[in-house]
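With mmCIF, C-alpha atoms inside, this is final.cif:
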data_query
#
loop_
_atom_site.label_atom_id
_atom_site.label_comp_id
_atom_site.auth_asym_id
_atom_site.auth_seq_id
_atom_site.Cartn_x
_atom_site.Cartn_y
_atom_site.Cartn_z
CA MET T 58 -70.67 46.06 4.72
CA GLU T 59 -68.13 45.70 7.54
CA LEU T 60 -67.37 42.11 6.47
CA GLU T 61 -67.03 43.27 2.87
CA HIS T 62 -64.64 46.04 3.97
CA LYS T 63 -62.51 43.53 5.90
CA MET T 64 -62.41 41.19 2.92
CA THR T 65 -61.42 44.05 0.62
CA LEU T 66 -58.67 45.15 3.02
CA LYS T 67 -57.38 41.60 3.26
CA PHE T 68 -57.40 41.27 -0.53
CA ARG T 69 -55.44 44.53 -0.86
CA ARG T 70 -52.85 43.36 1.61
CA LEU T 71 -52.39 40.09 -0.22
CA ILE T 72 -52.05 41.97 -3.51
CA VAL T 73 -49.39 44.26 -1.94
CA ALA T 74 -47.49 41.27 -0.51
CA ALA T 75 -47.73 39.38 -3.82
CA GLY T 76 -46.65 42.48 -5.69
CA LEU T 77 -43.63 42.80 -3.42
CA VAL T 78 -42.70 39.18 -4.13
CA VAL T 79 -43.00 39.68 -7.91
CA VAL T 80 -41.02 42.94 -7.94
CA VAL T 81 -38.18 41.58 -5.79
CA THR T 82 -38.04 38.36 -7.81
CA MET T 83 -37.84 40.32 -11.07
CA ALA T 84 -35.06 42.43 -9.56
CA ILE T 85 -33.13 39.30 -8.58
CA ALA T 86 -33.53 37.87 -12.08
CA ALA T 87 -32.37 41.14 -13.65
CA TRP T 88 -29.34 41.31 -11.35
CA ASN T 89 -28.42 37.68 -12.10
CA PRO T 90 -29.38 37.28 -15.77
CA ALA T 91 -27.30 34.19 -16.60
CA GLY T 92 -28.06 30.89 -14.93
CA GLN T 93 -29.49 32.41 -11.74
CA MET T 94 -33.16 31.56 -12.19
CA ALA T 95 -32.89 28.74 -9.63
CA VAL T 96 -31.72 31.28 -7.05
CA ALA T 97 -34.55 33.60 -8.10
CA ALA T 98 -37.07 30.77 -7.69
CA THR T 99 -35.77 30.02 -4.18
CA SER T 100 -35.97 33.71 -3.30
CA TYR T 101 -39.53 33.82 -4.65
CA GLN T 102 -40.49 30.93 -2.36
CA GLN T 103 -38.91 32.64 0.65
CA LEU T 104 -40.69 35.91 -0.11
CA GLN T 105 -43.97 34.00 -0.42
CA LYS T 106 -43.22 32.60 3.02
CA PHE T 107 -42.58 36.11 4.33
CA SER T 108 -45.88 37.43 2.95
CA HIS T 109 -47.73 34.42 4.40
CA VAL T 110 -46.21 34.95 7.88
CA MET T 111 -46.93 38.66 7.70
CA GLU T 112 -50.59 37.97 6.91
CA MET T 113 -50.79 35.42 9.75
CA VAL T 114 -49.46 38.01 12.21
CA ARG T 115 -52.01 40.55 11.01
CA ARG T 116 -54.86 38.07 11.28
CA SER T 117 -54.03 36.04 14.39
CA TYR T 118 -51.71 38.00 16.72
CA VAL T 119 -53.27 38.74 20.12
CA GLU T 120 -53.25 42.49 19.43
CA GLU T 121 -53.67 44.47 16.23
CA VAL T 122 -50.27 45.30 14.79
CA ASP T 123 -49.48 48.22 12.54
CA ASP T 124 -48.15 47.18 9.10
CA GLU T 125 -45.23 49.63 9.37
CA LYS T 126 -44.17 48.13 12.70
CA ILE T 127 -44.14 44.62 11.20
CA ILE T 128 -42.06 45.71 8.20
CA GLU T 129 -39.60 47.74 10.31
CA GLY T 130 -39.19 44.81 12.70
CA ALA T 131 -38.52 42.47 9.78
CA LEU T 132 -35.93 44.85 8.31
CA SER T 133 -34.22 45.25 11.67
CA GLY T 134 -34.05 41.48 12.16
CA MET T 135 -32.80 40.94 8.61
CA LEU T 136 -29.87 43.33 9.00
CA SER T 137 -28.90 42.43 12.57
CA ASN T 138 -28.69 38.76 11.56
CA LEU T 139 -25.83 39.50 9.14
CA ASP T 140 -23.03 40.86 11.36
CA PRO T 141 -22.67 43.11 14.46
CA HIS T 142 -22.33 46.31 12.39
CA SER T 143 -25.11 45.97 9.80
CA THR T 144 -28.37 47.48 10.98
CA TYR T 145 -31.60 49.13 9.95
CA LEU T 146 -31.79 52.82 10.93
CA ASP T 147 -35.28 54.19 11.38
CA LYS T 148 -35.88 57.89 10.68
CA GLU T 149 -34.95 58.93 14.21
CA MET T 150 -31.76 56.86 14.35
CA TYR T 151 -30.63 57.95 10.88
CA GLY T 152 -31.12 61.60 11.79
CA GLN T 153 -29.18 61.11 15.04
CA MET T 154 -26.33 59.39 13.21
CA GLN T 155 -25.98 62.36 10.85
CA VAL T 156 -25.73 64.68 13.88
CA GLU T 157 -23.09 62.48 15.55
CA THR T 158 -20.55 62.88 12.74
CA LYS T 159 -20.60 66.63 13.43
CA GLY T 160 -19.42 65.96 16.99
CA GLU T 161 -22.45 66.80 19.15
CA PHE T 162 -25.23 64.47 20.28
CA GLY T 163 -27.15 63.34 23.35
CA GLY T 164 -26.43 60.21 25.37
CA LEU T 165 -23.79 58.50 27.49
CA GLY T 166 -20.75 58.66 25.19
CA ILE T 167 -20.00 55.02 24.37
CA GLU T 168 -19.48 53.15 21.12
CA ILE T 169 -21.13 49.72 21.33
CA SER T 170 -21.50 46.55 19.28
CA ALA T 171 -23.63 43.43 19.49
CA ALA T 172 -22.12 40.55 21.46
CA GLU T 173 -23.12 37.16 22.78
CA GLY T 174 -24.72 37.59 26.17
CA GLY T 175 -25.20 41.34 25.98
CA ILE T 176 -23.87 44.53 24.41
CA ARG T 177 -20.10 45.07 24.14
CA VAL T 178 -18.50 48.45 24.84
CA VAL T 179 -16.08 49.08 21.97
CA SER T 180 -14.86 52.27 23.57
CA PRO T 181 -16.01 55.04 25.91
CA ILE T 182 -15.53 58.46 24.30
CA GLU T 183 -13.21 60.74 26.25
CA ASP T 184 -14.76 63.50 28.41
CA THR T 185 -18.25 61.97 28.36
CA PRO T 186 -20.46 60.70 31.21
CA ALA T 187 -19.61 57.03 30.52
CA TYR T 188 -15.87 57.78 30.45
CA ARG T 189 -16.03 59.77 33.69
CA VAL T 190 -17.82 57.05 35.71
CA GLY T 191 -15.19 54.47 34.67
CA ILE T 192 -16.80 52.38 31.92
CA LYS T 193 -14.02 50.72 29.90
CA ALA T 194 -13.45 49.23 26.45
CA GLY T 195 -14.34 45.54 26.49
CA ASP T 196 -17.02 45.84 29.20
CA LEU T 197 -20.08 43.68 28.53
CA ILE T 198 -23.39 45.39 29.32
CA LEU T 199 -25.73 42.81 30.87
CA LYS T 200 -28.64 45.07 31.84
CA ILE T 201 -29.84 48.54 30.90
CA ASP T 202 -31.92 49.63 33.89
CA ASP T 203 -34.08 46.50 34.32
CA GLN T 204 -33.94 45.34 30.69
CA ILE T 205 -31.80 42.29 29.87
CA ALA T 206 -29.34 43.44 27.19
CA ARG T 207 -29.15 40.08 25.39
CA ASP T 208 -32.88 40.34 24.63
CA LEU T 209 -32.43 43.72 22.88
CA THR T 210 -31.27 44.59 19.39
CA LEU T 211 -28.37 47.00 19.06
CA MET T 212 -30.71 49.81 18.01
CA GLU T 213 -33.08 49.12 20.91
CA SER T 214 -30.11 49.35 23.28
CA VAL T 215 -29.01 52.66 21.75
CA LYS T 216 -32.52 54.09 22.09
CA LEU T 217 -32.70 53.07 25.75
CA MET T 218 -29.36 54.66 26.56
CA ARG T 219 -30.22 57.93 24.85
CA GLY T 220 -32.57 60.35 26.53
CA LYS T 221 -33.08 63.77 28.01
CA PRO T 222 -29.85 65.32 29.38
CA GLY T 223 -29.83 65.26 33.16
CA THR T 224 -31.71 61.96 33.44
CA SER T 225 -29.89 58.91 34.74
CA ILE T 226 -29.60 55.32 33.62
CA ARG T 227 -28.27 52.23 35.40
CA LEU T 228 -25.91 49.87 33.57
CA THR T 229 -25.00 46.43 34.93
CA ILE T 230 -21.66 45.37 33.48
CA PHE T 231 -19.49 42.27 33.42
CA ARG T 232 -15.79 43.09 33.37
CA GLU T 233 -13.09 40.48 32.89
CA GLY T 234 -11.10 40.04 36.10
CA GLU T 235 -14.02 41.03 38.35
CA SER T 236 -15.76 38.31 40.37
CA THR T 237 -19.17 40.00 40.36
CA PRO T 238 -21.02 42.29 37.91
CA LEU T 239 -20.43 46.03 38.34
CA GLU T 240 -23.22 48.59 38.45
CA PHE T 241 -22.84 52.13 37.11
CA THR T 242 -25.33 54.99 37.31
CA VAL T 243 -24.68 57.34 34.40
CA VAL T 244 -26.30 60.75 33.98
CA ARG T 245 -27.11 61.50 30.34
CA ASP T 246 -25.68 64.67 28.84
CA VAL T 247 -25.30 66.46 25.52
CA ILE T 248 -22.13 64.89 24.16
CA LYS T 249 -19.79 67.42 22.60
CA VAL T 250 -16.82 65.52 21.34
CA LYS T 251 -13.63 67.51 20.85
CA SER T 252 -12.07 65.49 18.06
CA VAL T 253 -8.46 66.71 18.33
CA LYS T 254 -6.49 67.69 21.45
CA SER T 255 -2.86 68.65 21.85
CA ASP T 256 -0.24 69.45 24.50
CA PHE T 257 3.46 69.06 25.21
CA LEU T 258 4.86 65.98 26.98
CA ALA T 259 8.15 67.82 27.53
CA PRO T 260 9.75 70.82 25.81
CA GLY T 261 9.95 69.93 22.11
CA TYR T 262 7.87 66.74 22.39
CA ALA T 263 4.30 67.09 21.17
CA TYR T 264 1.22 65.18 22.31
CA LEU T 265 -1.55 64.74 19.74
CA ARG T 266 -4.84 63.07 20.61
CA ILE T 267 -7.73 62.06 18.34
CA THR T 268 -10.84 60.98 20.26
CA GLN T 269 -13.02 60.31 17.20
CA PHE T 270 -12.80 60.86 13.43
CA GLN T 271 -15.34 63.58 12.56
CA GLU T 272 -15.92 65.94 9.63
CA ARG T 273 -12.97 68.32 10.34
CA THR T 274 -10.54 66.03 12.19
CA ALA T 275 -7.72 66.21 9.62
CA SER T 276 -7.83 70.01 9.25
CA LEU T 277 -7.95 70.45 13.04
CA MET T 278 -4.97 68.12 13.39
CA ALA T 279 -2.96 70.15 10.85
CA GLU T 280 -3.80 73.35 12.76
CA GLN T 281 -2.76 71.83 16.11
CA VAL T 282 0.56 70.57 14.72
CA ALA T 283 1.35 74.00 13.22
CA SER T 284 0.54 75.63 16.57
CA LEU T 285 2.80 73.26 18.51
CA ILE T 286 5.68 73.80 16.08
CA LYS T 287 5.36 77.55 16.59
CA ARG T 288 5.10 77.24 20.38
CA SER T 289 8.24 75.06 20.44
CA GLY T 290 10.19 77.88 18.79
CA ASP T 291 10.42 75.80 15.61
CA HIS T 292 12.37 73.17 17.56
CA LEU T 293 9.86 70.33 17.68
CA GLN T 294 11.70 67.04 18.18
CA GLY T 295 8.94 64.47 17.79
CA ALA T 296 5.32 63.63 18.59
CA VAL T 297 3.11 61.01 20.19
CA LEU T 298 -0.20 60.38 18.41
CA ASP T 299 -2.67 58.92 20.91
CA LEU T 300 -5.41 56.79 19.30
CA ARG T 301 -6.32 54.82 22.42
CA SER T 302 -10.04 54.23 23.00
CA ASN T 303 -10.83 55.90 19.67
CA PRO T 304 -13.89 54.06 18.26
CA GLY T 305 -13.32 55.30 14.69
CA GLY T 306 -15.55 57.46 12.53
CA LEU T 307 -15.29 58.77 8.98
CA LEU T 308 -13.09 56.88 6.49
CA ASN T 309 -12.10 59.99 4.54
CA GLN T 310 -10.80 61.63 7.72
CA ALA T 311 -8.73 58.55 8.61
CA VAL T 312 -7.19 58.73 5.11
CA GLU T 313 -6.49 62.47 5.40
CA VAL T 314 -4.96 62.15 8.90
CA SER T 315 -2.67 59.34 7.67
CA ASP T 316 -1.71 61.50 4.69
CA LEU T 317 -0.67 64.33 7.03
CA PHE T 318 2.27 62.24 8.30
CA LEU T 319 3.23 60.49 5.03
CA ASN T 320 5.16 61.67 1.98
CA ASN T 321 4.21 58.67 -0.15
CA GLY T 322 2.98 55.08 -0.02
CA GLY T 323 -0.38 53.41 0.36
CA ILE T 324 -2.83 54.26 3.14
CA VAL T 325 -5.67 51.75 2.91
CA SER T 326 -7.61 49.71 0.37
CA THR T 327 -11.04 48.13 0.45
CA LYS T 328 -12.28 44.94 -1.20
CA SER T 329 -15.95 44.13 -1.73
CA ARG T 330 -17.89 41.20 -3.20
CA THR T 331 -19.30 43.40 -5.96
CA GLY T 332 -15.88 44.55 -7.16
CA SER T 333 -16.35 48.21 -6.22
CA ASN T 334 -12.94 48.40 -4.56
CA MET T 335 -11.08 51.53 -3.47
CA SER T 336 -7.44 52.35 -2.85
CA PHE T 337 -5.95 55.45 -1.20
CA LYS T 338 -2.37 56.67 -1.52
CA ALA T 339 -0.47 59.43 0.26
CA LYS T 340 0.43 62.72 -1.36
CA LYS T 341 3.75 64.46 -0.77
CA GLY T 342 3.91 66.57 2.38
CA ASP T 343 4.59 65.43 5.96
CA VAL T 344 3.49 67.98 8.58
CA LEU T 345 6.25 66.76 10.93
CA ASN T 346 8.92 66.78 8.20
CA GLY T 347 10.04 63.28 9.11
CA LEU T 348 10.37 63.88 12.86
CA PRO T 349 10.02 60.73 15.04
CA LEU T 350 6.43 59.65 15.61
CA VAL T 351 5.05 57.17 18.16
CA VAL T 352 1.43 55.98 17.99
CA LEU T 353 -0.44 54.71 21.06
CA ILE T 354 -3.20 52.10 20.55
CA ASN T 355 -5.25 49.80 22.80
CA ASN T 356 -8.19 47.40 22.58
CA GLY T 357 -10.55 50.38 22.26
CA SER T 358 -8.84 51.62 19.09
CA ALA T 359 -11.20 50.60 16.30
CA SER T 360 -12.02 51.09 12.62
CA ALA T 361 -10.70 54.47 11.41
CA SER T 362 -8.05 54.59 14.17
CA GLU T 363 -6.84 51.14 13.06
CA ILE T 364 -6.57 52.40 9.48
CA VAL T 365 -4.27 55.23 10.61
CA ALA T 366 -2.20 52.95 12.86
CA GLY T 367 -1.85 50.33 10.11
CA ALA T 368 -0.89 52.88 7.45
CA LEU T 369 1.81 54.48 9.62
CA GLN T 370 3.14 51.09 10.73
CA ASP T 371 3.29 49.55 7.24
CA ASN T 372 5.01 52.63 5.82
CA HIS T 373 7.58 52.50 8.67
CA ARG T 374 6.60 56.05 9.58
CA ALA T 375 5.79 55.41 13.24
CA VAL T 376 6.43 52.97 16.06
CA LEU T 377 3.23 51.56 17.58
CA VAL T 378 3.11 51.20 21.37
CA GLY T 379 0.40 49.76 23.62
CA MET T 380 -2.07 46.88 23.25
CA PRO T 381 -3.55 45.11 20.19
CA SER T 382 -6.41 47.10 18.65
CA PHE T 383 -10.10 46.12 18.53
CA GLY T 384 -10.14 44.50 15.07
CA LYS T 385 -13.02 46.19 13.26
CA GLY T 386 -11.84 45.97 9.68
CA SER T 387 -15.16 46.16 7.86
CA VAL T 388 -16.65 48.97 5.78
CA GLN T 389 -20.23 50.08 6.43
CA SER T 390 -22.12 51.92 3.68
CA ILE T 391 -25.08 54.11 4.62
CA ILE T 392 -27.88 53.62 2.09
CA PRO T 393 -30.71 56.17 2.52
CA LEU T 394 -34.25 54.97 1.83
CA PRO T 395 -37.02 57.14 0.32
CA ASP T 396 -38.98 57.45 3.59
CA GLY T 397 -36.07 59.00 5.55
CA SER T 398 -34.79 55.76 7.08
CA ALA T 399 -31.57 54.04 5.98
CA LEU T 400 -29.59 50.82 5.88
CA LYS T 401 -26.17 50.58 7.48
CA LEU T 402 -24.74 47.66 5.54
CA THR T 403 -21.31 46.01 5.70
CA THR T 404 -20.09 46.09 2.11
CA ALA T 405 -16.30 45.60 2.17
CA LEU T 406 -13.19 44.89 4.24
CA TYR T 407 -10.23 47.18 4.94
CA TYR T 408 -6.67 46.19 4.10
CA THR T 409 -3.48 47.92 5.26
CA PRO T 410 -0.84 48.94 2.65
CA SER T 411 0.97 45.59 3.08
CA GLY T 412 -2.28 43.70 2.39
CA ARG T 413 -3.17 42.78 5.98
CA SER T 414 -6.83 42.48 6.88
CA ILE T 415 -7.69 44.24 10.14
CA GLN T 416 -10.94 42.26 10.59
CA ALA T 417 -11.10 40.28 13.86
CA THR T 418 -7.29 40.41 14.25
CA GLY T 419 -6.62 44.12 14.74
CA ILE T 420 -3.27 45.87 14.66
CA GLU T 421 -0.42 44.46 16.75
CA PRO T 422 1.78 47.12 18.40
CA ASP T 423 5.51 47.06 17.76
CA ILE T 424 6.10 47.39 21.50
CA LEU T 425 3.57 45.77 23.83
CA VAL T 426 2.85 47.88 26.92
CA GLU T 427 0.00 46.91 29.20
CA PRO T 428 -1.88 49.57 31.17
CA VAL T 429 -0.75 49.54 34.80
CA LEU T 430 -2.20 51.24 37.85
CA VAL T 431 0.61 53.39 39.27
CA ALA T 432 0.86 53.77 43.03
CA ASP T 433 1.47 57.16 44.62
CA ALA T 434 5.22 56.74 44.32
CA ALA T 435 5.51 60.23 42.87
CA LYS T 436 4.17 61.69 46.10
CA LYS T 437 6.88 60.01 48.18
CA LYS T 438 9.95 62.10 48.95
CA LYS T 439 12.80 61.19 46.64
CA ILE T 440 16.36 60.87 47.93
CA GLN T 441 18.50 63.50 46.22
CA ALA T 442 21.63 62.00 44.66
CA VAL T 443 24.99 63.69 45.34
CA LEU T 444 26.86 64.61 42.14
CA GLU T 445 30.29 66.08 41.37
CA ARG T 446 28.80 69.57 41.02
CA ASP T 447 27.49 69.31 44.61
CA LEU T 448 30.95 68.80 46.11
CA LYS T 449 32.61 71.79 47.77
CA GLY T 450 35.45 73.21 45.65
CA HIS T 451 34.58 71.25 42.50
CA ILE T 452 36.26 72.37 39.29
CA GLU T 453 33.97 74.27 36.93
CA ASN T 454 33.29 72.97 33.44
CA GLY T 455 35.71 74.50 30.97
CA ASP T 456 33.11 74.51 28.15
CA SER T 457 30.60 76.68 29.97
CA HIS T 458 31.49 79.72 27.85
CA LYS T 459 30.64 77.97 24.57
CA ASP T 460 27.34 78.67 22.84
CA LYS T 461 24.76 76.00 23.49
CA PRO T 462 22.16 75.04 20.87
CA GLU T 463 18.86 76.81 21.33
CA ALA T 464 16.57 74.74 23.53
CA ALA T 465 13.09 73.72 22.48
CA LYS T 466 10.20 75.52 24.12
CA GLY T 467 6.81 74.29 25.22
CA GLU T 468 6.01 73.22 28.77
CA PRO T 469 3.45 70.48 29.47
CA SER T 470 0.21 71.63 31.05
CA LYS T 471 -0.47 70.83 34.70
CA ALA T 472 -3.05 68.25 33.58
CA MET T 473 -0.49 66.55 31.32
CA LEU T 474 2.11 66.40 34.12
CA GLY T 475 -0.48 64.72 36.32
CA ARG T 476 -1.38 62.31 33.54
CA LEU T 477 2.23 61.39 32.88
CA GLU T 478 2.63 60.32 36.51
CA GLN T 479 -0.13 57.71 36.09
CA ASP T 480 -0.12 56.76 32.38
CA VAL T 481 2.53 54.06 31.92
CA PRO T 482 2.06 53.54 28.12
CA LEU T 483 2.39 57.32 27.63
CA GLN T 484 5.58 57.32 29.74
CA ARG T 485 7.04 54.55 27.59
CA ALA T 486 6.00 56.39 24.42
CA LEU T 487 7.81 59.55 25.56
CA ASP T 488 10.93 57.56 26.50
CA LEU T 489 10.93 55.90 23.07
CA LEU T 490 10.38 59.24 21.34
CA LYS T 491 13.39 60.74 23.11
CA GLY T 492 15.46 57.71 22.13
CA LEU T 493 14.40 58.01 18.48
CA HIS T 494 15.28 61.70 18.52
CA ALA T 495 18.72 60.98 19.99
CA LEU T 496 19.36 58.24 17.43
CA ARG T 497 18.24 60.51 14.57
CA ASN T 498 20.60 63.29 15.69
CA ALA T 499 23.48 60.82 16.12
CA GLY T 500 23.05 59.83 12.47
#

Kindly present the structure from the file in structure tokens form.
Amino acid sequence: MELEHKMTLKFRRLIVAAGLVVVVTMAIAAWNPAGQMAVAATSYQQLQKFSHVMEMVRRSYVEEVDDEKIIEGALSGMLSNLDPHSTYLDKEMYGQMQVETKGEFGGLGIEISAAEGGIRVVSPIEDTPAYRVGIKAGDLILKIDDQIARDLTLMESVKLMRGKPGTSIRLTIFREGESTPLEFTVVRDVIKVKSVKSDFLAPGYAYLRITQFQERTASLMAEQVASLIKRSGDHLQGAVLDLRSNPGGLLNQAVEVSDLFLNNGGIVSTKSRTGSNMSFKAKKGDVLNGLPLVVLINNGSASASEIVAGALQDNHRAVLVGMPSFGKGSVQSIIPLPDGSALKLTTALYYTPSGRSIQATGIEPDILVEPVLVADAAKKKKIQAVLERDLKGHIENGDSHKDKPEAAKGEPSKAMLGRLEQDVPLQRALDLLKGLHALRNAG
């Protein structure tokens, strides 16, 4: 009876595998009705091969393997073999991804992609454990604890790095310019990403920061701009939009953020192999009313942040300062499956309004400014210059009685003043912004 049961089970499995081959082949034939039967026949042969290998694994592998594990492994391998951003999401990963877009999740706080030799850090997310210990965009993760990263799939790496808040993980990293690998111990935490931040760089000069494009990023940005305009006494003179180390996020939010600063013109278009292309254009209404805008980017600015930077650059709405962006110009579609898992599949490429593809080239800044470590020059005592007004008996200015234009309000926070002392690209952005404001007023 036991032998009969085994034979029956084997027969059922073969029937299921054969049925899968027939169904998929019929689907291929239906999708390619004219002159595609040769392709369908080849696909049929490959699916026969798959079912044969699957049965061999069941029958001969050293340990009994669950059918679901075999299928999930095959799906994962199929997707990861296409490009670094296509992947199979099991139920757990798909559920976690849905939570992430709302801005709160558990882990280290880094955006990663597959890379030769390990796992590449696209960008550390600001105010997260990874960011605080000093992990940087471009770092190559060689080991996760004692596991060799090159032997892991992207999803396996993500699962290893996630865990209970308060627990630690050890990352071994190769960083360009360093002679030996670096080792970081990172304590996992619940990641609460504040999508939009704002401050003043100087009275009248706004600082706007997007760390990640989430569900309410555009509306939060509009609220922050309105608040800064009010705090400046309605004398805002320009703004810096900081997209550095922003790994991207939701396409619709990138479009809406771009639209906030544009009165007209294209924002982004997508082109796919199936012809389901999209194009987005700006509606009238610029929240800054045409005030000068400078955008900061670096090699950690990816995907949605590159869409915003490209749209503002191509429409001549902003000057881009910093380093070339990451170059992720592909569109991933999330395709839910009936069992609660999903496919994350690359389906199209992004194009800026002028028709440039972002993919693998990124966005080039208008003004290249490399990040520089600033010495403690600010702490050294400065020599006070002697001016005319310092001389004894100097003649007073005859125009002192005239009414002066009302000054802009809004002092930078203590944290921003400290940041400005060290952040060279931000210093250059503020200098440029002041120059653009002066030029605009001169006109």

Separating CA of Asn355 (chain T) from CA of Met150 (chain T), to the nearest tenth of an Å, is a gap of 28.7 Å

Any chance you could work out the residue set of the PyMOL selection byres ((chain T and resi 417-429) around 6) here, as a list of chain:residue names? T:Leu377, T:Val378, T:Gly379, T:Met380, T:Pro381, T:Ser382, T:Phe383, T:Gly384, T:Ile415, T:Gln416, T:Leu430, T:Pro482

Taking all atoms listed in the file into account, name the residue in T:Glu468, T:Glu173, T:Asp123, T:Asp447 that is nearest to Tyr262 (chain T).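 Counting all atoms listed in the file, the residue closest to Tyr262 (chain T) is T:Glu468.
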
From CA of Ile226 (chain T) to CA of Arg245 (chain T) the spacing works out at 7.4 Å

Please determine, counting only C-alpha atoms, which residue among T:Ala263, T:Gln479, T:Leu300, T:Asp184 has the shortest atom-to-atom distance to Arg288 (chain T).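 Nearest to Arg288 (chain T): T:Ala263.
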
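Going from CA of Glu313 (chain T) to CA of Gly342 (chain T) covers 11.6 Å.
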
Counting all atoms listed in the file, which residue out of T:Asp246, T:Glu272, T:Glu168, T:Asp488 sits closest to Ser358 (chain T)?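 Among the listed residues, the smallest separation from Ser358 (chain T) belongs to T:Glu168.
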
Give the answer as one residue: which of T:Val282, T:Val481, T:Met212, T:Ala171 has the shortest atom-to-atom distance to Asn346 (chain T), using all atoms listed in the file?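 Looking only at the distances to Asn346 (chain T), the closest residue turns out to be T:Val282.
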
As a check of understanding, name the residues that the PyMOL selection byres ((chain T and resi 261) around 8) selects in the supplied structure, as a list in words.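 Applied to this file, the PyMOL selection byres ((chain T and resi 261) around 8) returns Phe257, Ala259, Pro260, Tyr262, Ala263, Ser289, His292, Leu293, Gln294, Gly295, Ala465, Lys466 and Gly467 of chain T.
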
T:Ser387, T:Ser137, T:Thr404, T:Gln153 ranked by distance to Lys216 (chain T), top pick (using all atoms listed in the file): T:Gln153
